[in-house]
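> Okay, so here is entry.cif, and as you'll see once you scroll down, it has mmCIF, C-alpha atoms.
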```cif
data_entry
#
loop_
_atom_site.label_atom_id
_atom_site.label_comp_id
_atom_site.auth_asym_id
_atom_site.auth_seq_id
_atom_site.Cartn_x
_atom_site.Cartn_y
_atom_site.Cartn_z
CA MET A 131 3.23 -17.25 -34.45
CA SER A 132 5.45 -14.63 -32.82
CA LYS A 133 4.40 -13.39 -29.39
CA THR A 134 5.63 -9.89 -30.10
CA TYR A 135 4.55 -7.18 -32.49
CA VAL A 136 7.24 -4.91 -33.83
CA MET A 137 6.38 -1.24 -34.08
CA THR A 138 8.70 1.71 -34.59
CA VAL A 139 7.61 5.04 -33.19
CA ARG A 140 9.04 8.52 -33.63
CA LEU A 141 8.80 10.56 -30.43
CA PRO A 142 9.14 14.29 -29.82
CA LYS A 143 12.65 14.95 -28.47
CA ASP A 144 11.52 15.84 -24.92
CA LEU A 145 9.43 12.69 -24.68
CA GLY A 146 12.30 10.57 -25.96
CA LEU A 147 14.66 12.11 -23.39
CA GLY A 148 12.04 11.45 -20.72
CA VAL A 149 11.94 7.77 -21.70
CA LYS A 150 15.75 7.64 -21.66
CA HIS A 151 15.82 9.25 -18.21
CA TYR A 152 13.17 6.89 -16.79
CA SER A 153 14.99 3.99 -18.39
CA ALA A 154 18.22 4.94 -16.61
CA GLN A 155 16.32 5.43 -13.36
CA THR A 156 14.62 2.03 -13.39
CA GLY A 157 17.21 -0.06 -15.19
CA HIS A 158 14.68 -1.08 -17.86
CA LYS A 159 15.67 -0.84 -21.51
CA PRO A 160 13.92 2.00 -23.40
CA ALA A 161 11.97 -0.57 -25.43
CA LYS A 162 10.68 -2.11 -22.19
CA VAL A 163 9.69 1.34 -20.88
CA GLY A 164 7.82 1.96 -24.13
CA THR A 165 5.98 -1.35 -23.79
CA LEU A 166 5.06 -0.58 -20.17
CA ALA A 167 3.84 2.89 -21.13
CA VAL A 168 1.64 1.63 -23.96
CA ASP A 169 0.32 -1.21 -21.81
CA GLU A 170 -0.56 1.17 -18.99
CA PHE A 171 -2.15 3.64 -21.41
CA LEU A 172 -4.41 0.91 -22.80
CA ARG A 173 -5.29 -0.37 -19.33
CA ARG A 174 -6.21 3.15 -18.19
CA ARG A 175 -8.48 3.47 -21.20
CA THR A 176 -10.18 0.17 -20.44
CA PHE A 177 -10.36 0.81 -16.68
CA PRO A 178 -10.76 4.57 -16.13
CA LEU A 179 -11.29 4.10 -12.38
CA ILE A 180 -7.93 2.35 -12.01
CA ASP A 181 -4.65 4.15 -11.58
CA PHE A 182 -1.04 2.95 -11.40
CA ARG A 183 1.61 3.74 -8.84
CA GLU A 184 5.28 3.07 -8.43
CA SER A 185 6.08 0.75 -5.54
CA ALA A 186 8.75 -1.65 -4.32
CA MET A 187 6.87 -4.31 -6.30
CA GLY A 188 7.02 -2.23 -9.50
CA ARG A 189 3.95 -0.58 -11.04
CA VAL A 190 0.88 -1.47 -9.00
CA ALA A 191 -2.78 -0.99 -9.92
CA TYR A 192 -4.69 1.22 -7.46
CA VAL A 193 -8.26 2.40 -7.23
CA LYS A 194 -8.15 5.92 -8.63
CA GLY A 195 -8.10 8.69 -6.05
CA THR A 196 -7.40 6.34 -3.14
CA ARG A 197 -4.52 4.61 -1.37
CA LEU A 198 -6.11 1.20 -1.96
CA ALA A 199 -4.28 -1.25 -4.20
CA VAL A 200 -6.48 -3.40 -6.39
CA TYR A 201 -4.89 -6.65 -5.14
CA TRP A 202 -5.58 -5.63 -1.53
CA LEU A 203 -9.17 -4.53 -2.17
CA THR A 204 -9.92 -7.68 -4.17
CA ASP A 205 -8.76 -9.78 -1.25
CA ALA A 206 -10.71 -7.65 1.24
CA VAL A 207 -13.95 -7.97 -0.78
CA LYS A 208 -13.37 -11.72 -0.99
CA ARG A 209 -13.16 -11.82 2.82
CA LEU A 210 -16.56 -10.06 2.84
CA ARG A 211 -17.84 -12.87 0.61
CA GLY A 212 -18.11 -10.53 -2.35
CA ASN A 213 -20.43 -8.07 -0.62
CA ILE A 214 -19.66 -4.93 -2.62
CA LYS A 215 -22.21 -2.79 -0.77
CA LYS A 216 -20.65 -3.58 2.59
CA ALA A 217 -17.15 -2.99 1.22
CA ALA A 218 -18.30 0.37 -0.14
CA GLU A 219 -19.55 1.35 3.33
CA ILE A 220 -16.44 0.19 5.18
CA TRP A 221 -13.90 1.89 2.95
CA GLU A 222 -16.14 4.79 1.99
CA LEU A 223 -15.83 4.10 -1.72
CA SER A 224 -18.38 4.13 -4.49
CA PRO A 225 -19.58 0.64 -5.47
CA GLU A 226 -18.45 1.51 -9.02
CA LYS A 227 -14.85 1.85 -7.87
CA ILE A 228 -15.01 -1.49 -6.09
CA SER A 229 -16.54 -3.13 -9.15
CA ALA A 230 -13.82 -1.59 -11.31
CA ALA A 231 -11.16 -3.11 -9.03
CA LEU A 232 -12.84 -6.52 -9.23
CA HIS A 233 -13.12 -6.30 -13.02
CA TYR A 234 -9.46 -5.35 -13.27
CA ALA A 235 -8.52 -8.32 -11.08
CA GLU A 236 -10.60 -10.56 -13.32
CA ALA A 237 -8.82 -9.26 -16.40
CA TYR A 238 -5.32 -9.66 -14.91
CA PRO A 239 -5.56 -12.60 -12.50
CA GLN A 240 -1.88 -13.55 -12.68
CA GLU A 241 -0.75 -10.03 -11.82
CA ILE A 242 -3.13 -9.83 -8.86
CA LYS A 243 -2.17 -13.30 -7.62
CA ALA A 244 1.53 -12.39 -7.80
CA MET A 245 0.89 -9.21 -5.76
CA GLN A 246 -1.17 -11.06 -3.17
CA ASP A 247 1.47 -13.79 -2.86
CA ARG A 248 4.18 -11.20 -2.40
CA ALA A 249 2.17 -9.30 0.21
CA GLU A 250 1.51 -12.59 2.04
CA ALA A 251 5.23 -13.44 1.96
CA ASN A 252 6.04 -10.00 3.38
CA ARG A 253 3.44 -10.48 6.12
CA ALA A 254 4.88 -13.89 7.03
CA LEU A 255 8.38 -12.43 7.13
CA LEU A 256 7.22 -9.61 9.39
CA GLU A 257 5.47 -12.03 11.76
CA LYS A 258 8.64 -14.13 11.92
CA ALA A 259 10.74 -11.05 12.69
CA GLU A 260 8.27 -9.93 15.38
CA ALA A 261 8.32 -13.39 16.99
CA ALA A 262 12.13 -13.41 17.00
CA LEU A 263 12.18 -9.94 18.54
CA ALA A 264 9.70 -10.95 21.26
CA LYS A 265 11.75 -14.07 21.99
CA ALA A 266 14.98 -12.06 22.26
CA LYS A 267 13.25 -9.54 24.52
CA ALA A 268 11.89 -12.27 26.81
CA LEU A 269 15.31 -13.92 26.97
CA GLY A 270 16.93 -10.61 27.88
CA GLU A 271 14.37 -10.03 30.64
CA SER A 272 14.77 -13.53 32.11
CA GLN A 273 18.57 -13.12 32.13
CA ALA A 274 18.23 -9.77 33.87
CA ASP A 275 15.95 -11.37 36.50
CA SER A 276 18.40 -14.22 37.20
CA ARG A 277 21.34 -11.87 37.78
CA PRO A 278 22.16 -11.30 41.48
CA LYS A 279 20.69 -8.05 42.67
CA PRO A 280 23.17 -5.49 44.02
CA LYS A 281 22.86 -5.01 47.75
CA THR A 282 21.42 -1.70 48.74
CA SER A 283 22.93 0.04 51.73
CA ARG A 284 20.78 1.96 54.13
CA MET B 233 2.74 6.70 21.24
CA LYS B 234 0.63 8.19 18.49
CA LEU B 235 -1.30 6.17 15.97
CA LEU B 236 -2.24 7.08 12.45
CA LEU B 237 -4.66 4.66 10.83
CA ASP B 238 -4.34 4.19 7.09
CA VAL B 239 -7.34 4.05 4.79
CA HIS B 240 -7.29 0.24 4.80
CA ILE B 241 -8.67 0.45 8.33
CA PRO B 242 -12.26 1.70 8.60
CA ALA B 243 -12.41 5.29 9.91
CA ALA B 244 -14.79 4.22 12.69
CA THR B 245 -11.93 2.26 14.25
CA ALA B 246 -10.30 5.49 15.45
CA ASP B 247 -13.41 6.45 17.48
CA ALA B 248 -13.74 2.90 18.81
CA LEU B 249 -10.11 2.93 19.97
CA ARG B 250 -10.58 6.30 21.71
CA ARG B 251 -13.64 4.99 23.53
CA ARG B 252 -11.78 1.88 24.61
CA GLN B 253 -8.61 3.72 25.61
CA PRO B 254 -9.37 7.33 26.57
CA GLY B 255 -6.39 9.59 26.03
CA LEU B 256 -5.00 7.50 23.20
CA ASP B 257 -3.75 9.77 20.43
CA VAL B 258 -5.20 8.07 17.37
CA GLN B 259 -6.17 9.65 14.10
CA HIS B 260 -7.42 8.41 10.78
CA LEU B 261 -5.83 9.44 7.53
CA ALA B 262 -9.21 10.64 6.24
CA LYS B 263 -9.28 13.37 8.89
CA TRP B 264 -5.58 13.90 9.62
CA LYS B 265 -4.35 17.17 8.08
CA HIS B 266 -7.89 17.74 6.79
CA GLY B 267 -7.61 14.63 4.62
CA ASP B 268 -4.91 16.19 2.46
CA LEU B 269 -2.96 12.93 2.29
CA LEU B 270 -5.92 10.71 1.54
CA GLU B 271 -4.59 9.93 -1.93
CA ALA B 272 -0.90 10.41 -1.17
CA GLU B 273 1.88 7.96 -1.81
CA ASP B 274 3.33 6.05 1.16
CA ALA B 275 6.52 8.11 1.16
CA ASP B 276 4.55 11.35 1.55
CA VAL B 277 2.47 9.97 4.42
CA LEU B 278 5.60 8.75 6.21
CA ALA B 279 7.32 12.08 5.65
CA GLY B 280 4.27 13.82 7.13
CA CYS B 281 4.40 11.55 10.20
CA ALA B 282 8.10 12.23 10.69
CA LYS B 283 7.55 15.96 11.15
CA ARG B 284 7.89 17.11 14.73
CA ASP B 285 4.44 18.69 14.85
CA ALA B 286 2.86 15.97 12.72
CA PHE B 287 0.02 15.34 15.13
CA GLY B 288 -0.37 18.89 16.30
#
```
Kindly transcribe the structure held in the file into C-alpha coordinates.

Amino acid sequence: MSKTYVMTVRLPKDLGLGVKHYSAQTGHKPAKVGTLAVDEFLRRRTFPLIDFRESAMGRVAYVKGTRLAVYWLTDAVKRLRGNIKKAAEIWELSPEKISAALHYAEAYPQEIKAMQDRAEANRALLEKAEAALAKAKALGESQADSRPKPKTSR
Amino acid sequence: MKLLLDVHIPAATADALRRRQPGLDVQHLAKWKHGDLLEAEDADVLAGCAKRDAFG
(Lines of atoms letter the chains of each structure in order from A and count residues from 1; the text may use other names and numbers.)
(Lines give C-alpha, C1' and ligand atoms only; values in the text may rest on other atoms or scores of the structure.)
Protein backbone atom coordinates (compact mmCIF):
# COMPACT_ATOMS: atom_id res chain seq x y z
CA MET A 1 0.00 0.00 0.00
CA SER A 2 1.31 3.45 -0.91
CA LYS A 3 2.56 5.62 1.94
CA THR A 4 1.30 8.79 0.30
CA TYR A 5 -2.13 10.11 -0.51
CA VAL A 6 -2.45 12.24 -3.61
CA MET A 7 -4.68 15.28 -3.34
CA THR A 8 -4.93 18.26 -5.67
CA VAL A 9 -6.00 21.55 -4.18
CA ARG A 10 -6.95 24.84 -5.81
CA LEU A 11 -5.73 27.81 -3.78
CA PRO A 12 -6.68 31.48 -3.93
CA LYS A 13 -3.98 33.33 -5.89
CA ASP A 14 -2.55 35.21 -2.88
CA LEU A 15 -2.27 32.01 -0.89
CA GLY A 16 -0.59 30.23 -3.78
CA LEU A 17 1.91 33.08 -4.15
CA GLY A 18 2.53 32.92 -0.40
CA VAL A 19 3.34 29.21 -0.68
CA LYS A 20 5.64 29.92 -3.63
CA HIS A 21 7.40 32.67 -1.67
CA TYR A 22 7.84 30.50 1.44
CA SER A 23 9.02 27.67 -0.77
CA ALA A 24 11.73 29.88 -2.27
CA GLN A 25 12.67 31.13 1.19
CA THR A 26 13.10 27.68 2.74
CA GLY A 27 14.24 25.67 -0.27
CA HIS A 28 11.35 23.22 0.14
CA LYS A 29 9.29 22.29 -2.89
CA PRO A 30 5.75 23.79 -2.88
CA ALA A 31 4.30 20.29 -2.43
CA LYS A 32 6.45 19.83 0.69
CA VAL A 33 5.33 23.22 2.03
CA GLY A 34 1.71 22.17 1.45
CA THR A 35 2.28 18.92 3.33
CA LEU A 36 3.94 20.76 6.23
CA ALA A 37 1.08 23.28 6.36
CA VAL A 38 -1.63 20.62 6.42
CA ASP A 39 0.30 18.57 8.98
CA GLU A 40 0.74 21.59 11.25
CA PHE A 41 -2.92 22.57 10.83
CA LEU A 42 -4.05 19.11 11.94
CA ARG A 43 -1.60 19.06 14.86
CA ARG A 44 -2.83 22.46 16.04
CA ARG A 45 -6.39 21.15 15.94
CA THR A 46 -5.45 18.09 17.97
CA PHE A 47 -3.22 20.03 20.39
CA PRO A 48 -4.66 23.53 20.79
CA LEU A 49 -2.16 24.40 23.54
CA ILE A 50 0.79 23.66 21.26
CA ASP A 51 2.24 26.15 18.82
CA PHE A 52 4.98 25.90 16.18
CA ARG A 53 7.96 28.13 15.63
CA GLU A 54 10.66 28.47 13.05
CA SER A 55 14.12 27.61 14.36
CA ALA A 56 17.54 26.47 13.19
CA MET A 57 16.19 22.93 13.61
CA GLY A 58 13.17 23.65 11.39
CA ARG A 59 9.62 23.91 12.73
CA VAL A 60 9.63 23.21 16.46
CA ALA A 61 6.65 22.52 18.73
CA TYR A 62 6.32 25.03 21.59
CA VAL A 63 3.89 25.41 24.45
CA LYS A 64 1.50 28.10 23.26
CA GLY A 65 2.15 31.58 24.63
CA THR A 66 5.57 30.68 26.03
CA ARG A 67 9.21 30.39 24.99
CA LEU A 68 9.32 26.75 26.10
CA ALA A 69 9.86 24.10 23.45
CA VAL A 70 7.97 20.86 23.97
CA TYR A 71 11.14 18.73 23.71
CA TRP A 72 12.81 20.85 26.42
CA LEU A 73 9.81 20.84 28.76
CA THR A 74 9.32 17.09 28.34
CA ASP A 75 12.91 16.53 29.36
CA ALA A 76 12.60 18.96 32.28
CA VAL A 77 9.45 17.22 33.60
CA LYS A 78 11.23 13.88 33.27
CA ARG A 79 14.04 15.25 35.47
CA LEU A 80 11.32 16.12 38.02
CA ARG A 81 10.22 12.48 37.84
CA GLY A 82 7.02 13.44 36.07
CA ASN A 83 5.83 15.81 38.79
CA ILE A 84 3.56 18.07 36.74
CA LYS A 85 2.45 20.15 39.74
CA LYS A 86 6.03 21.02 40.63
CA ALA A 87 6.87 21.79 37.00
CA ALA A 88 3.83 24.08 36.84
CA GLU A 89 5.10 25.98 39.90
CA ILE A 90 8.69 26.28 38.68
CA TRP A 91 7.90 27.53 35.18
CA GLU A 92 4.70 29.32 36.15
CA LEU A 93 2.59 27.39 33.68
CA SER A 94 -0.82 25.84 33.97
CA PRO A 95 -0.72 22.06 34.54
CA GLU A 96 -2.90 21.77 31.41
CA LYS A 97 -0.15 23.28 29.27
CA ILE A 98 2.40 20.89 30.72
CA SER A 99 0.08 17.94 30.15
CA ALA A 100 -0.48 19.11 26.57
CA ALA A 101 3.28 19.15 26.00
CA LEU A 102 3.61 15.64 27.42
CA HIS A 103 0.73 14.36 25.29
CA TYR A 104 2.28 15.92 22.20
CA ALA A 105 5.60 14.25 23.02
CA GLU A 106 3.79 10.95 23.42
CA ALA A 107 2.13 11.36 20.03
CA TYR A 108 5.37 12.29 18.24
CA PRO A 109 8.16 10.48 20.11
CA GLN A 110 10.57 10.35 17.17
CA GLU A 111 10.34 14.08 16.58
CA ILE A 112 10.93 14.85 20.26
CA LYS A 113 13.82 12.38 20.51
CA ALA A 114 15.46 13.93 17.44
CA MET A 115 15.15 17.43 18.97
CA GLN A 116 16.54 16.28 22.32
CA ASP A 117 19.44 14.49 20.62
CA ARG A 118 20.25 17.58 18.60
CA ALA A 119 20.08 19.84 21.66
CA GLU A 120 22.37 17.40 23.52
CA ALA A 121 24.83 17.40 20.62
CA ASN A 122 24.84 21.21 20.63
CA ARG A 123 25.42 21.24 24.38
CA ALA A 124 28.34 18.80 24.05
CA LEU A 125 29.83 20.90 21.26
CA LEU A 126 29.53 24.04 23.37
CA GLU A 127 31.18 22.37 26.38
CA LYS A 128 34.02 21.20 24.13
CA ALA A 129 34.48 24.72 22.75
CA GLU A 130 34.44 26.21 26.26
CA ALA A 131 37.05 23.68 27.45
CA ALA A 132 39.28 24.48 24.47
CA LEU A 133 38.91 28.20 25.15
CA ALA A 134 39.78 27.77 28.84
CA LYS A 135 42.80 25.66 27.89
CA ALA A 136 44.02 28.26 25.39
CA LYS A 137 43.52 31.02 27.97
CA ALA A 138 45.46 29.10 30.63
CA LEU A 139 48.27 28.40 28.16
CA GLY A 140 48.44 32.08 27.23
CA GLU A 141 48.63 33.08 30.90
CA SER A 142 51.36 30.55 31.73
CA GLN A 143 53.41 31.73 28.73
CA ALA A 144 53.00 35.34 29.84
CA ASP A 145 54.19 34.38 33.36
CA SER A 146 57.29 32.59 32.06
CA ARG A 147 58.42 35.56 29.96
CA PRO A 148 61.23 37.62 31.55
CA LYS A 149 59.82 40.69 33.22
CA PRO A 150 61.12 44.04 31.93
CA LYS A 151 63.32 45.78 34.45
CA THR A 152 61.77 48.84 35.96
CA SER A 153 63.99 51.84 36.50
CA ARG A 154 63.59 54.01 39.53
CA MET B 1 28.25 42.22 33.09
CA LYS B 2 24.48 42.10 32.94
CA LEU B 3 22.46 38.92 33.05
CA LEU B 4 19.09 38.24 31.54
CA LEU B 5 17.57 34.94 32.61
CA ASP B 6 15.36 33.19 30.08
CA VAL B 7 12.08 31.57 31.03
CA HIS B 8 13.73 28.14 31.26
CA ILE B 9 15.29 29.34 34.50
CA PRO B 10 12.85 29.81 37.40
CA ALA B 11 12.16 33.50 38.08
CA ALA B 12 13.15 33.07 41.74
CA THR B 13 16.74 32.48 40.58
CA ALA B 14 17.14 36.20 39.83
CA ASP B 15 16.35 37.15 43.45
CA ALA B 16 18.57 34.37 44.77
CA LEU B 17 21.48 35.61 42.64
CA ARG B 18 20.99 39.20 43.85
CA ARG B 19 21.02 38.03 47.46
CA ARG B 20 24.17 36.02 46.88
CA GLN B 21 25.94 38.73 44.89
CA PRO B 22 24.63 42.19 45.83
CA GLY B 23 25.04 44.67 43.01
CA LEU B 24 24.76 42.02 40.31
CA ASP B 25 22.61 43.31 37.46
CA VAL B 26 20.36 40.34 36.83
CA GLN B 27 16.86 40.34 35.47
CA HIS B 28 14.34 37.71 34.49
CA LEU B 29 12.58 37.78 31.16
CA ALA B 30 9.21 37.66 32.95
CA LYS B 31 9.86 41.10 34.45
CA TRP B 32 12.29 42.64 31.96
CA LYS B 33 10.56 45.29 29.83
CA HIS B 34 7.36 44.57 31.76
CA GLY B 35 7.33 41.00 30.42
CA ASP B 36 6.74 42.20 26.86
CA LEU B 37 9.14 39.60 25.45
CA LEU B 38 7.83 36.68 27.46
CA GLU B 39 6.53 34.97 24.33
CA ALA B 40 9.00 36.48 21.88
CA GLU B 41 11.21 34.62 19.46
CA ASP B 42 14.93 34.30 20.28
CA ALA B 43 15.91 36.85 17.64
CA ASP B 44 13.67 39.50 19.21
CA VAL B 45 15.04 38.87 22.70
CA LEU B 46 18.62 39.10 21.43
CA ALA B 47 17.82 42.28 19.52
CA GLY B 48 16.33 43.74 22.71
CA CYS B 49 19.50 42.86 24.65
CA ALA B 50 21.71 44.45 22.00
CA LYS B 51 20.13 47.87 22.46
CA ARG B 52 22.32 50.31 24.32
CA ASP B 53 19.73 51.05 26.99
CA ALA B 54 18.48 47.47 27.11
CA PHE B 55 18.77 47.18 30.86
CA GLY B 56 17.86 50.75 31.65
> Env of range 213-215 of chain A: 10 Å cut, atoms = only C-alpha atoms, seq-sep filter 2 positions within chain, self excluded. Answer as a PDB file with C-alpha atoms, in the frame of the given file.

```
ATOM      1  CA  ALA A 206     -10.710  -7.650   1.240  1.00  0.00           C
ATOM      2  CA  VAL A 207     -13.950  -7.970  -0.780  1.00  0.00           C
ATOM      3  CA  LYS A 208     -13.370 -11.720  -0.990  1.00  0.00           C
ATOM      4  CA  ARG A 209     -13.160 -11.820   2.820  1.00  0.00           C
ATOM      5  CA  LEU A 210     -16.560 -10.060   2.840  1.00  0.00           C
ATOM      6  CA  ARG A 211     -17.840 -12.870   0.610  1.00  0.00           C
ATOM      7  CA  ALA A 217     -17.150  -2.990   1.220  1.00  0.00           C
ATOM      8  CA  ALA A 218     -18.300   0.370  -0.140  1.00  0.00           C
ATOM      9  CA  GLU A 219     -19.550   1.350   3.330  1.00  0.00           C
ATOM     10  CA  ILE A 220     -16.440   0.190   5.180  1.00  0.00           C
ATOM     11  CA  LEU A 223     -15.830   4.100  -1.720  1.00  0.00           C
ATOM     12  CA  SER A 224     -18.380   4.130  -4.490  1.00  0.00           C
ATOM     13  CA  PRO A 225     -19.580   0.640  -5.470  1.00  0.00           C
ATOM     14  CA  GLU A 226     -18.450   1.510  -9.020  1.00  0.00           C
ATOM     15  CA  LYS A 227     -14.850   1.850  -7.870  1.00  0.00           C
ATOM     16  CA  ILE A 228     -15.010  -1.490  -6.090  1.00  0.00           C
ATOM     17  CA  SER A 229     -16.540  -3.130  -9.150  1.00  0.00           C
ATOM     18  CA  LEU A 232     -12.840  -6.520  -9.230  1.00  0.00           C
TER      19      LEU A 232
END
```
> Under the PyMOL selection byres ((chain A) within 7 of (chain B)), which residues of this model are included? Write them out as a ChimeraX atom specification.
/A:195-198,220-221
> How many Å lie between CA of Val163 in chain A and CA of Asp144 in chain A, rounded to one decimal?
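That distance, rounded to one decimal, is 15.2 Å.
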> Within 12 Å of (-4.9, 15.7, 14.0), only C-alpha atoms: residues as an mmCIF file with C-alpha atoms, in the frame of the given file?

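Final output, part-v8.cif:
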```
data_model
loop_
_atom_site.group_PDB
_atom_site.id
_atom_site.type_symbol
_atom_site.label_atom_id
_atom_site.label_comp_id
_atom_site.auth_asym_id
_atom_site.auth_seq_id
_atom_site.Cartn_x
_atom_site.Cartn_y
_atom_site.Cartn_z
ATOM 1 C CA LYS B 234 0.630 8.190 18.490
ATOM 2 C CA LEU B 235 -1.300 6.170 15.970
ATOM 3 C CA LEU B 236 -2.240 7.080 12.450
ATOM 4 C CA LEU B 237 -4.660 4.660 10.830
ATOM 5 C CA ALA B 246 -10.300 5.490 15.450
ATOM 6 C CA ASP B 257 -3.750 9.770 20.430
ATOM 7 C CA VAL B 258 -5.200 8.070 17.370
ATOM 8 C CA GLN B 259 -6.170 9.650 14.100
ATOM 9 C CA HIS B 260 -7.420 8.410 10.780
ATOM 10 C CA LEU B 261 -5.830 9.440 7.530
ATOM 11 C CA ALA B 262 -9.210 10.640 6.240
ATOM 12 C CA LYS B 263 -9.280 13.370 8.890
ATOM 13 C CA TRP B 264 -5.580 13.900 9.620
ATOM 14 C CA LYS B 265 -4.350 17.170 8.080
ATOM 15 C CA HIS B 266 -7.890 17.740 6.790
ATOM 16 C CA GLY B 267 -7.610 14.630 4.620
ATOM 17 C CA ASP B 268 -4.910 16.190 2.460
ATOM 18 C CA GLY B 280 4.270 13.820 7.130
ATOM 19 C CA CYS B 281 4.400 11.550 10.200
ATOM 20 C CA ASP B 285 4.440 18.690 14.850
ATOM 21 C CA ALA B 286 2.860 15.970 12.720
ATOM 22 C CA PHE B 287 0.020 15.340 15.130
ATOM 23 C CA GLY B 288 -0.370 18.890 16.300
#
```
> Which neighbours of Val149 in chain A fall inside 12 Å, counting only C-alpha atoms, when residues of the same chain fewer than 6 positions from it are skipped, and could you give them as number ranges by chain?
A: 141-143, 155-167
> Output C-alpha atoms for every residue in the selection just made, as a PDB file, in the frame of the given file.

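part-v4.pdb was written with the following content:
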```
ATOM      1  CA  LEU A 141       8.800  10.560 -30.430  1.00  0.00           C
ATOM      2  CA  PRO A 142       9.140  14.290 -29.820  1.00  0.00           C
ATOM      3  CA  LYS A 143      12.650  14.950 -28.470  1.00  0.00           C
ATOM      4  CA  GLN A 155      16.320   5.430 -13.360  1.00  0.00           C
ATOM      5  CA  THR A 156      14.620   2.030 -13.390  1.00  0.00           C
ATOM      6  CA  GLY A 157      17.210  -0.060 -15.190  1.00  0.00           C
ATOM      7  CA  HIS A 158      14.680  -1.080 -17.860  1.00  0.00           C
ATOM      8  CA  LYS A 159      15.670  -0.840 -21.510  1.00  0.00           C
ATOM      9  CA  PRO A 160      13.920   2.000 -23.400  1.00  0.00           C
ATOM     10  CA  ALA A 161      11.970  -0.570 -25.430  1.00  0.00           C
ATOM     11  CA  LYS A 162      10.680  -2.110 -22.190  1.00  0.00           C
ATOM     12  CA  VAL A 163       9.690   1.340 -20.880  1.00  0.00           C
ATOM     13  CA  GLY A 164       7.820   1.960 -24.130  1.00  0.00           C
ATOM     14  CA  THR A 165       5.980  -1.350 -23.790  1.00  0.00           C
ATOM     15  CA  LEU A 166       5.060  -0.580 -20.170  1.00  0.00           C
ATOM     16  CA  ALA A 167       3.840   2.890 -21.130  1.00  0.00           C
TER      17      ALA A 167
END
```
> By how many Å are CA of Ala235 in chain A and CA of Met137 in chain A apart?
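For CA of Ala235 in chain A relative to CA of Met137 in chain A, the distance reads 28.3 Å.
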> Produce the centre coordinates and the three edge lengths, each in Å to one decimal, of the box along x, y and z that contains all listed atoms of range 280-284 of chain B with 5 Å added on each side, as JSON.

```
{"center_x": 6.2, "center_y": 14.3, "center_z": 10.9, "size_x": 13.8, "size_y": 15.6, "size_z": 17.6}
```
> Rounded to one decimal, what separation in Å do you get between CA of Tyr192 in chain A and CA of Val136 in chain A?
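Atom-to-atom, CA of Tyr192 in chain A to CA of Val136 in chain A, that is 29.6 Å.
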